[in-house]
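Engineer: I'm passing along target_21.txt; it holds compact mmCIF, C-alpha atoms and all ligand atoms.
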```txt
# COMPACT_ATOMS: atom_id res chain seq x y z
CA MET Q 12 0.00 0.00 0.00
CA THR Q 13 1.46 3.37 -0.96
CA ARG Q 14 1.07 6.11 1.59
CA ARG Q 15 0.49 9.71 0.68
CA ARG Q 16 3.55 11.83 1.47
CA VAL Q 17 2.41 15.16 2.88
CA TYR Q 18 5.79 16.71 3.60
CA ASP Q 19 9.41 15.80 2.86
CA GLY Q 20 11.69 17.68 5.24
CA LYS Q 21 15.42 17.83 5.91
CA THR Q 22 15.40 15.03 8.46
CA LYS Q 23 11.81 13.77 8.55
CA VAL Q 24 9.00 12.74 6.22
CA LEU Q 25 5.31 13.09 7.09
CA TYR Q 26 2.72 10.71 5.65
CA GLU Q 27 -1.04 10.83 5.87
CA GLY Q 28 -2.05 8.89 8.99
CA PRO Q 29 -4.42 5.91 9.26
CA GLU Q 30 -6.97 7.87 11.31
CA PRO Q 31 -8.51 11.30 10.64
CA ASP Q 32 -6.36 14.25 11.73
CA THR Q 33 -3.28 12.10 12.24
CA LEU Q 34 0.08 11.88 10.48
CA VAL Q 35 2.90 9.36 10.47
CA GLN Q 36 6.23 11.01 11.30
CA HIS Q 37 9.18 9.11 9.77
CA PHE Q 38 12.73 9.83 11.00
CA LYS Q 39 15.43 9.74 8.30
CA ASP Q 40 19.15 9.18 8.91
CA ASP Q 41 19.99 12.51 7.24
CA ALA Q 42 21.66 15.08 9.45
CA THR Q 43 21.82 18.73 8.43
CA ALA Q 44 23.23 21.86 10.02
CA PHE Q 45 23.78 25.53 9.20
CA ASN Q 46 20.56 25.75 7.19
CA LYS Q 47 21.32 22.65 5.07
CA GLU Q 48 24.86 23.82 4.12
CA LYS Q 49 26.19 20.75 5.92
CA HIS Q 50 24.59 17.38 5.20
CA ALA Q 51 25.44 13.74 5.95
CA ILE Q 52 23.67 10.44 6.28
CA ILE Q 53 24.51 8.90 9.64
CA GLU Q 54 23.25 5.33 9.88
CA GLY Q 55 21.04 4.78 12.90
CA ARG Q 56 20.49 8.45 13.70
CA GLY Q 57 16.80 8.38 12.72
CA VAL Q 58 16.07 5.31 14.84
CA LEU Q 59 17.74 6.84 17.89
CA ASN Q 60 16.02 10.22 17.53
CA ASN Q 61 12.65 8.50 17.06
CA ARG Q 62 13.20 6.40 20.16
CA ILE Q 63 14.44 9.25 22.38
CA SER Q 64 11.79 11.70 21.19
CA GLU Q 65 9.02 9.14 21.67
CA TYR Q 66 10.16 8.64 25.28
CA LEU Q 67 10.48 12.35 26.13
CA LEU Q 68 7.15 13.31 24.51
CA THR Q 69 5.42 10.46 26.37
CA CYS Q 70 6.84 11.74 29.68
CA LEU Q 71 5.50 15.24 28.91
CA ASN Q 72 2.08 13.86 27.87
CA ASN Q 73 1.88 11.84 31.09
CA LEU Q 74 2.48 15.00 33.11
CA GLY Q 75 -0.28 16.90 31.33
CA ILE Q 76 2.07 18.93 29.11
CA GLN Q 77 0.36 18.01 25.87
CA THR Q 78 2.29 17.10 22.74
CA HIS Q 79 1.38 15.87 19.26
CA PHE Q 80 2.68 12.36 20.02
CA ILE Q 81 0.02 9.61 20.01
CA ARG Q 82 1.92 6.32 19.86
CA ALA Q 83 5.02 4.56 18.55
CA LEU Q 84 4.54 2.66 15.29
CA ASN Q 85 7.96 1.14 14.56
CA MET Q 86 11.68 1.88 14.94
CA ARG Q 87 11.52 4.92 12.68
CA GLU Q 88 7.93 6.09 12.83
CA GLN Q 89 5.39 7.50 15.24
CA LEU Q 90 1.74 8.42 14.96
CA ILE Q 91 1.15 12.10 15.68
CA ARG Q 92 -1.74 14.56 15.70
CA LYS Q 93 -2.07 16.80 12.68
CA LEU Q 94 -1.56 20.39 13.87
CA ASP Q 95 -1.43 23.82 12.38
CA ILE Q 96 2.26 24.53 13.09
CA LEU Q 97 3.25 28.06 14.23
CA PRO Q 98 6.08 29.47 12.06
CA VAL Q 99 8.16 30.03 15.19
CA GLU Q 100 10.97 28.08 16.87
CA VAL Q 101 11.09 28.47 20.63
CA VAL Q 102 14.50 28.04 22.28
CA VAL Q 103 14.84 27.60 26.04
CA ARG Q 104 18.31 28.14 27.54
CA ASN Q 105 19.66 27.15 30.95
CA MET Q 106 23.38 27.73 30.28
CA ALA Q 107 25.16 29.89 27.70
CA ALA Q 108 26.03 28.09 24.45
CA GLY Q 109 25.82 28.37 20.66
CA SER Q 110 24.32 31.49 19.13
CA LEU Q 111 23.74 33.17 22.53
CA CYS Q 112 27.51 33.21 23.14
CA LYS Q 113 28.20 34.63 19.68
CA ARG Q 114 25.51 37.29 20.07
CA LEU Q 115 26.38 38.47 23.58
CA GLY Q 116 30.06 37.48 23.90
CA LEU Q 117 29.45 34.98 26.72
CA GLU Q 118 31.63 31.97 27.56
CA GLU Q 119 30.10 28.57 26.70
CA GLY Q 120 28.86 26.90 29.87
CA GLU Q 121 28.32 30.16 31.83
CA SER Q 122 25.23 29.81 33.96
CA LEU Q 123 22.38 32.22 33.25
CA PRO Q 124 20.58 34.33 35.87
CA ARG Q 125 17.41 32.42 34.97
CA SER Q 126 16.11 30.29 32.12
CA ILE Q 127 15.76 32.39 28.98
CA VAL Q 128 13.16 31.84 26.23
CA GLU Q 129 13.87 33.09 22.69
CA PHE Q 130 11.88 33.06 19.45
CA TYR Q 131 13.06 32.54 15.87
CA TYR Q 132 11.06 32.92 12.65
CA LYS Q 133 11.04 29.64 10.72
CA SER Q 134 12.38 30.61 7.32
CA ASP Q 135 15.17 28.74 5.52
CA SER Q 136 15.63 31.55 3.01
CA LEU Q 137 16.16 34.11 5.81
CA GLY Q 138 18.21 31.73 8.01
CA ASP Q 139 15.66 31.59 10.88
CA PRO Q 140 16.12 35.17 12.20
CA MET Q 141 15.59 35.91 15.89
CA ILE Q 142 12.32 37.72 16.57
CA SER Q 143 10.41 39.03 19.58
CA GLU Q 144 6.90 38.39 20.82
CA GLU Q 145 6.02 41.76 19.26
CA HIS Q 146 6.71 40.38 15.76
CA ILE Q 147 4.76 37.20 16.46
CA THR Q 148 1.62 38.96 17.64
CA ALA Q 149 1.85 41.88 15.19
CA PHE Q 150 2.11 39.58 12.16
CA GLY Q 151 -0.65 37.35 13.55
CA TRP Q 152 1.48 34.19 13.83
CA ALA Q 153 0.06 33.68 17.33
CA SER Q 154 -2.19 35.68 19.67
CA HIS Q 155 -1.11 37.22 23.01
CA GLN Q 156 -3.07 34.48 24.77
CA GLU Q 157 -1.33 31.78 22.72
CA MET Q 158 2.06 33.32 23.54
CA ASP Q 159 1.25 33.08 27.26
CA GLU Q 160 0.51 29.40 26.64
CA VAL Q 161 3.77 28.97 24.68
CA MET Q 162 5.79 30.50 27.56
CA SER Q 163 4.05 28.41 30.17
CA LEU Q 164 4.38 25.13 28.22
CA ALA Q 165 8.03 25.84 27.32
CA LEU Q 166 9.03 26.55 30.94
CA ARG Q 167 7.10 23.55 32.29
CA ALA Q 168 8.70 21.31 29.66
CA ASN Q 169 12.09 22.75 30.64
CA ASP Q 170 11.53 21.86 34.32
CA VAL Q 171 10.51 18.30 33.49
CA LEU Q 172 13.23 17.66 30.89
CA SER Q 173 16.03 19.29 32.95
CA GLY Q 174 15.15 17.04 35.90
CA LEU Q 175 14.84 13.97 33.75
CA PHE Q 176 18.25 14.50 32.13
CA LEU Q 177 19.97 15.51 35.38
CA ALA Q 178 18.83 12.23 36.92
CA VAL Q 179 20.91 10.41 34.27
CA GLY Q 180 23.96 12.68 34.56
CA LEU Q 181 23.23 15.13 31.74
CA HIS Q 182 22.86 18.92 31.79
CA LEU Q 183 20.09 20.19 29.51
CA VAL Q 184 22.00 23.27 28.31
CA ASP Q 185 19.35 24.45 25.83
CA PHE Q 186 16.73 23.06 23.46
CA LYS Q 187 14.30 23.99 20.71
CA LEU Q 188 10.55 23.43 20.69
CA GLU Q 189 7.90 23.84 18.04
CA PHE Q 190 4.22 24.37 18.71
CA GLY Q 191 1.04 23.69 16.75
CA ARG Q 192 -2.64 24.51 17.05
CA LEU Q 193 -5.06 21.64 17.51
CA ASN Q 194 -8.38 22.49 15.91
CA ASP Q 195 -10.78 20.46 18.00
CA GLU Q 196 -14.39 20.72 16.81
CA ASP Q 197 -15.71 20.58 20.38
CA ALA Q 198 -13.35 23.11 21.93
CA SER Q 199 -11.49 26.30 21.12
CA PRO Q 200 -8.07 25.73 19.47
CA ARG Q 201 -5.24 24.92 21.88
CA LEU Q 202 -1.49 24.65 21.52
CA LEU Q 203 0.48 21.42 21.72
CA ILE Q 204 4.22 20.76 21.59
CA ALA Q 205 5.10 19.40 18.13
CA ASP Q 206 8.07 18.11 16.07
CA GLU Q 207 10.71 16.23 18.11
CA ILE Q 208 12.79 16.49 21.27
CA SER Q 209 16.07 14.65 20.76
CA PRO Q 210 19.85 15.20 20.89
CA ASP Q 211 19.36 16.92 17.51
CA SER Q 212 17.27 19.66 19.10
CA CYS Q 213 18.83 19.77 22.60
CA ARG Q 214 22.33 20.51 23.88
CA LEU Q 215 23.20 17.79 26.38
CA TRP Q 216 26.48 17.88 28.33
CA ASP Q 217 27.69 15.07 30.53
CA VAL Q 218 27.66 16.41 34.12
CA ALA Q 219 30.96 14.73 35.12
CA THR Q 220 33.08 15.19 31.97
CA LYS Q 221 31.26 18.13 30.28
CA ASN Q 222 31.45 16.06 27.05
CA ARG Q 223 28.89 17.03 24.43
CA MET Q 224 26.33 14.36 23.63
CA ASP Q 225 24.29 16.15 20.98
CA LYS Q 226 24.28 17.53 17.45
CA ASP Q 227 27.23 19.86 18.17
CA LEU Q 228 29.38 16.74 17.54
CA PHE Q 229 28.18 16.93 13.92
CA ARG Q 230 28.09 20.73 13.63
CA ARG Q 231 31.70 20.94 14.89
CA ASP Q 232 33.03 17.80 13.13
CA MET Q 233 33.97 16.21 16.43
CA GLY Q 234 32.84 12.66 15.49
CA GLY Q 235 31.24 10.05 17.74
CA LEU Q 236 27.67 11.22 17.18
CA ILE Q 237 26.03 7.78 17.05
CA GLU Q 238 27.94 6.56 20.13
CA ALA Q 239 26.81 9.66 22.04
CA TYR Q 240 23.15 9.33 20.94
CA LYS Q 241 23.22 5.62 21.87
CA GLU Q 242 24.59 6.56 25.31
CA VAL Q 243 21.78 9.11 25.81
CA ALA Q 244 19.22 6.42 24.87
CA ARG Q 245 20.92 3.90 27.15
CA ARG Q 246 20.90 6.30 30.12
CA LEU Q 247 17.21 7.04 29.54
CA GLY Q 248 16.61 3.26 29.47
CA VAL Q 249 15.19 3.23 25.92
CA TYR Q 250 18.08 1.84 23.88
CA VAL Q 251 17.28 -1.13 21.65
CA ASP Q 252 20.11 -2.60 19.59
CA GLN Q 253 18.40 -2.58 16.20
CA ILE Q 254 20.22 0.35 14.70
CA GLY Q 255 21.03 -1.43 11.42
CA GLU Q 256 17.35 -2.30 11.04
CA GLY Q 257 16.37 -2.55 7.39
CA ARG Q 258 19.84 -3.72 6.33
CA LYS Q 259 19.27 -7.26 7.64
CA LYS Q 260 22.81 -8.02 8.80
CA PRO Q 261 22.92 -11.70 9.81
CA ALA Q 262 23.15 -12.25 13.55
CA LEU Q 263 26.37 -13.82 14.84
CA TRP Q 264 24.81 -17.24 15.35
CA GLU Q 265 23.46 -17.15 11.78
CA VAL Q 266 26.96 -16.38 10.42
CA LYS Q 267 28.41 -19.32 12.36
CA LYS Q 268 25.65 -21.60 11.12
CA GLN Q 269 26.24 -20.52 7.50
CA GLY Q 270 30.04 -20.76 7.74
N1 LIG Q 301 18.14 24.32 17.49
C1 LIG Q 301 17.45 23.42 16.70
N2 LIG Q 301 17.12 23.77 15.42
C2 LIG Q 301 17.43 24.98 14.89
C3 LIG Q 301 18.16 25.89 15.69
C4 LIG Q 301 18.49 25.54 16.98
O1 LIG Q 301 17.11 22.32 17.15
O2 LIG Q 301 17.10 25.24 13.72
C5 LIG Q 301 18.49 23.96 18.88
C6 LIG Q 301 19.97 23.67 19.05
O3 LIG Q 301 20.24 22.28 18.89
C7 LIG Q 301 20.24 24.11 20.46
C8 LIG Q 301 19.22 25.23 20.70
O4 LIG Q 301 18.22 25.06 19.71
O5 LIG Q 301 19.96 23.06 21.36
C9 LIG Q 301 19.83 26.62 20.60
O6 LIG Q 301 20.50 26.74 19.38
P1 LIG Q 301 21.34 28.07 19.03
O7 LIG Q 301 20.42 29.25 18.98
O8 LIG Q 301 22.49 28.17 19.95
O9 LIG Q 301 21.76 27.84 17.54
P2 LIG Q 301 23.00 27.09 16.90
O10 LIG Q 301 24.16 28.00 17.07
O11 LIG Q 301 23.11 25.80 17.61
O12 LIG Q 301 22.51 26.91 15.50
```
Now that the file is in, can you turn its structure into structure tokens?

Structural biologist:
Amino acid sequence: MTRRRVYDGKTKVLYEGPEPDTLVQHFKDDATAFNKEKHAIIEGRGVLNNRISEYLLTCLNNLGIQTHFIRALNMREQLIRKLDILPVEVVVRNMAAGSLCKRLGLEEGESLPRSIVEFYYKSDSLGDPMISEEHITAFGWASHQEMDEVMSLALRANDVLSGLFLAVGLHLVDFKLEFGRLNDEDASPRLLIADEISPDSCRLWDVATKNRMDKDLFRRDMGGLIEAYKEVARRLGVYVDQIGEGRKKPALWEVKKQG
């Protein structure tokens, strides 16, 4: 049965879902950075991001912080709710890193006086420029009331995720969230967390060694990305050794039997 492809993105494909108002989110192995200037296919990356994101979104759902995630389908795919996605990326920061350091001349790893929430306009052609709430409400991308909801959901998610990662020896330095509107016939539209939460969209530093265990390994050509993502999955207790799934490598006992 061929599925209807609704969207083919840099790292994910969306297909029409089996139930009304649902989609199937498929995680590819493609990794991109710097607005697609850098691209590589890293075997197993999609499976790990799917697995980690599925776990983190389930934790948020269970705590009443609603996300688009419905259920896991297979190693690379999850069933999600179809939302009207806001054209805004929301970044929450707990420690200085990345673009914040460049912009304000801070040292990476400096602690911040409090968690900081930033907004970026989702536009590849403009390179996702930073914007303020003023732009978002003036251009009608979200209402004032929706922005209150965005702030509240982002900070609650930050509390939950920071605690969850700290419990397994990782600092959640910063992360990116996307939000979408659920148009429920019986109620007024509400906002849900969308997209993914994974080492691709978070900065995760080992508490003891300060080693990076996130996409900066790819952005900065440091190597060891899959090993780091596997370690994050292992610490969260969601690692399954089926990374080469689809390639059908014979298991060791099968090789012995054949040879
Ligand atoms: N981030 C992301 N997608 C983007 C931009 C940023 O997932 O398109 C995440 C990034 O992984 C980091 C956080 O948002 O965890 C803050 O990123 P920053 O603004 O420092 O940008 P960078 O310099 O990493 O592009």

Engineer: Would you list the residues that come within 10 Å of ligand LIG 301 (chain Q)? Count only C-alpha atoms and all ligand atoms and give the answer as a PDB file with C-alpha atoms, keeping the file's coordinate frame.

Structural biologist:
```
ATOM      1  CA  THR Q  43      21.820  18.730   8.430  1.00  0.00           C
ATOM      2  CA  ALA Q  44      23.230  21.860  10.020  1.00  0.00           C
ATOM      3  CA  PHE Q  45      23.780  25.530   9.200  1.00  0.00           C
ATOM      4  CA  ASN Q  46      20.560  25.750   7.190  1.00  0.00           C
ATOM      5  CA  LYS Q  47      21.320  22.650   5.070  1.00  0.00           C
ATOM      6  CA  GLU Q 100      10.970  28.080  16.870  1.00  0.00           C
ATOM      7  CA  VAL Q 101      11.090  28.470  20.630  1.00  0.00           C
ATOM      8  CA  VAL Q 102      14.500  28.040  22.280  1.00  0.00           C
ATOM      9  CA  VAL Q 103      14.840  27.600  26.040  1.00  0.00           C
ATOM     10  CA  ARG Q 104      18.310  28.140  27.540  1.00  0.00           C
ATOM     11  CA  ALA Q 107      25.160  29.890  27.700  1.00  0.00           C
ATOM     12  CA  ALA Q 108      26.030  28.090  24.450  1.00  0.00           C
ATOM     13  CA  GLY Q 109      25.820  28.370  20.660  1.00  0.00           C
ATOM     14  CA  SER Q 110      24.320  31.490  19.130  1.00  0.00           C
ATOM     15  CA  LEU Q 111      23.740  33.170  22.530  1.00  0.00           C
ATOM     16  CA  CYS Q 112      27.510  33.210  23.140  1.00  0.00           C
ATOM     17  CA  LYS Q 113      28.200  34.630  19.680  1.00  0.00           C
ATOM     18  CA  ARG Q 114      25.510  37.290  20.070  1.00  0.00           C
ATOM     19  CA  GLU Q 129      13.870  33.090  22.690  1.00  0.00           C
ATOM     20  CA  PHE Q 130      11.880  33.060  19.450  1.00  0.00           C
ATOM     21  CA  TYR Q 131      13.060  32.540  15.870  1.00  0.00           C
ATOM     22  CA  TYR Q 132      11.060  32.920  12.650  1.00  0.00           C
ATOM     23  CA  LYS Q 133      11.040  29.640  10.720  1.00  0.00           C
ATOM     24  CA  SER Q 134      12.380  30.610   7.320  1.00  0.00           C
ATOM     25  CA  ASP Q 135      15.170  28.740   5.520  1.00  0.00           C
ATOM     26  CA  GLY Q 138      18.210  31.730   8.010  1.00  0.00           C
ATOM     27  CA  ASP Q 139      15.660  31.590  10.880  1.00  0.00           C
ATOM     28  CA  PRO Q 140      16.120  35.170  12.200  1.00  0.00           C
ATOM     29  CA  MET Q 141      15.590  35.910  15.890  1.00  0.00           C
ATOM     30  CA  LEU Q 183      20.090  20.190  29.510  1.00  0.00           C
ATOM     31  CA  VAL Q 184      22.000  23.270  28.310  1.00  0.00           C
ATOM     32  CA  ASP Q 185      19.350  24.450  25.830  1.00  0.00           C
ATOM     33  CA  PHE Q 186      16.730  23.060  23.460  1.00  0.00           C
ATOM     34  CA  LYS Q 187      14.300  23.990  20.710  1.00  0.00           C
ATOM     35  CA  LEU Q 188      10.550  23.430  20.690  1.00  0.00           C
ATOM     36  CA  GLU Q 189       7.900  23.840  18.040  1.00  0.00           C
ATOM     37  CA  GLU Q 207      10.710  16.230  18.110  1.00  0.00           C
ATOM     38  CA  ILE Q 208      12.790  16.490  21.270  1.00  0.00           C
ATOM     39  CA  SER Q 209      16.070  14.650  20.760  1.00  0.00           C
ATOM     40  CA  PRO Q 210      19.850  15.200  20.890  1.00  0.00           C
ATOM     41  CA  ASP Q 211      19.360  16.920  17.510  1.00  0.00           C
ATOM     42  CA  SER Q 212      17.270  19.660  19.100  1.00  0.00           C
ATOM     43  CA  CYS Q 213      18.830  19.770  22.600  1.00  0.00           C
ATOM     44  CA  ARG Q 214      22.330  20.510  23.880  1.00  0.00           C
ATOM     45  CA  LEU Q 215      23.200  17.790  26.380  1.00  0.00           C
ATOM     46  CA  ASP Q 225      24.290  16.150  20.980  1.00  0.00           C
ATOM     47  CA  LYS Q 226      24.280  17.530  17.450  1.00  0.00           C
ATOM     48  CA  ASP Q 227      27.230  19.860  18.170  1.00  0.00           C
ATOM     49  CA  ARG Q 230      28.090  20.730  13.630  1.00  0.00           C
TER      50      ARG Q 230
END
```

Engineer: Which value, in Å to one decimal, gives the distance between atom CA of Val249 of chain Q and atom CA of Lys21 of chain Q?

Structural biologist: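 Going from atom CA of Val249 of chain Q over to atom CA of Lys21 of chain Q covers 24.8 Å.
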
Engineer: By how many Å are atom CA of Asp32 of chain Q and atom CA of Asn194 of chain Q apart?

Structural biologist: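 Calculated distance between atom CA of Asp32 of chain Q and atom CA of Asn194 of chain Q is 9.5 Å.
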
Engineer: Within 8 Å of (11.0, 6.6, 11.7), in the coordinates the file gives, what residues turn up when you count only C-alpha atoms, written out as a PyMOL selection string?

Structural biologist: chain Q and resi 23+36-39+57-58+61+85-89

Engineer: Rank nothing, just name the residue among Q:Val179, Q:Val128, Q:Ala51, Q:Ala165 nearest to Asp232 of chain Q, using only C-alpha atoms.

Structural biologist: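 So, comparing all the options, the nearest one is Q:Ala51.
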
Engineer: Work out where the centre of an axis-aligned box around every listed atom of segment 166-180 of chain Q lies and how long its edges are once 5 Å is added on each side; give both in Å to one decimal as JSON.

Structural biologist:
```
{"center_x": 15.5, "center_y": 18.5, "center_z": 33.3, "size_x": 26.9, "size_y": 26.1, "size_z": 17.3}
```

Engineer: Find the residues around Arg16 of chain Q up to 10 Å (only C-alpha atoms counted), leave out those fewer than 6 positions away in its own chain, and share them as a PDB file with C-alpha atoms, in the coordinates of the input.

Structural biologist:
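Okay, result.pdb is ready:
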```pdb
ATOM      1  CA  VAL Q  24       9.000  12.740   6.220  1.00  0.00           C
ATOM      2  CA  LEU Q  25       5.310  13.090   7.090  1.00  0.00           C
ATOM      3  CA  TYR Q  26       2.720  10.710   5.650  1.00  0.00           C
ATOM      4  CA  GLU Q  27      -1.040  10.830   5.870  1.00  0.00           C
ATOM      5  CA  GLY Q  28      -2.050   8.890   8.990  1.00  0.00           C
ATOM      6  CA  LEU Q  34       0.080  11.880  10.480  1.00  0.00           C
ATOM      7  CA  VAL Q  35       2.900   9.360  10.470  1.00  0.00           C
TER       8      VAL Q  35
END
```

Engineer: Give as a PyMOL selection string the set of residues within 8 Å of the point (3.3, 16.1, 24.1), where distances use the file's coordinates and only C-alpha atoms.

Structural biologist: chain Q and resi 68-72+76-80+203-205

Engineer: Kindly give the distance, in Å, that separates atom CA of Ile63 of chain Q and atom CA of Leu247 of chain Q, rounded to a single decimal.

Structural biologist: 8.0 Å
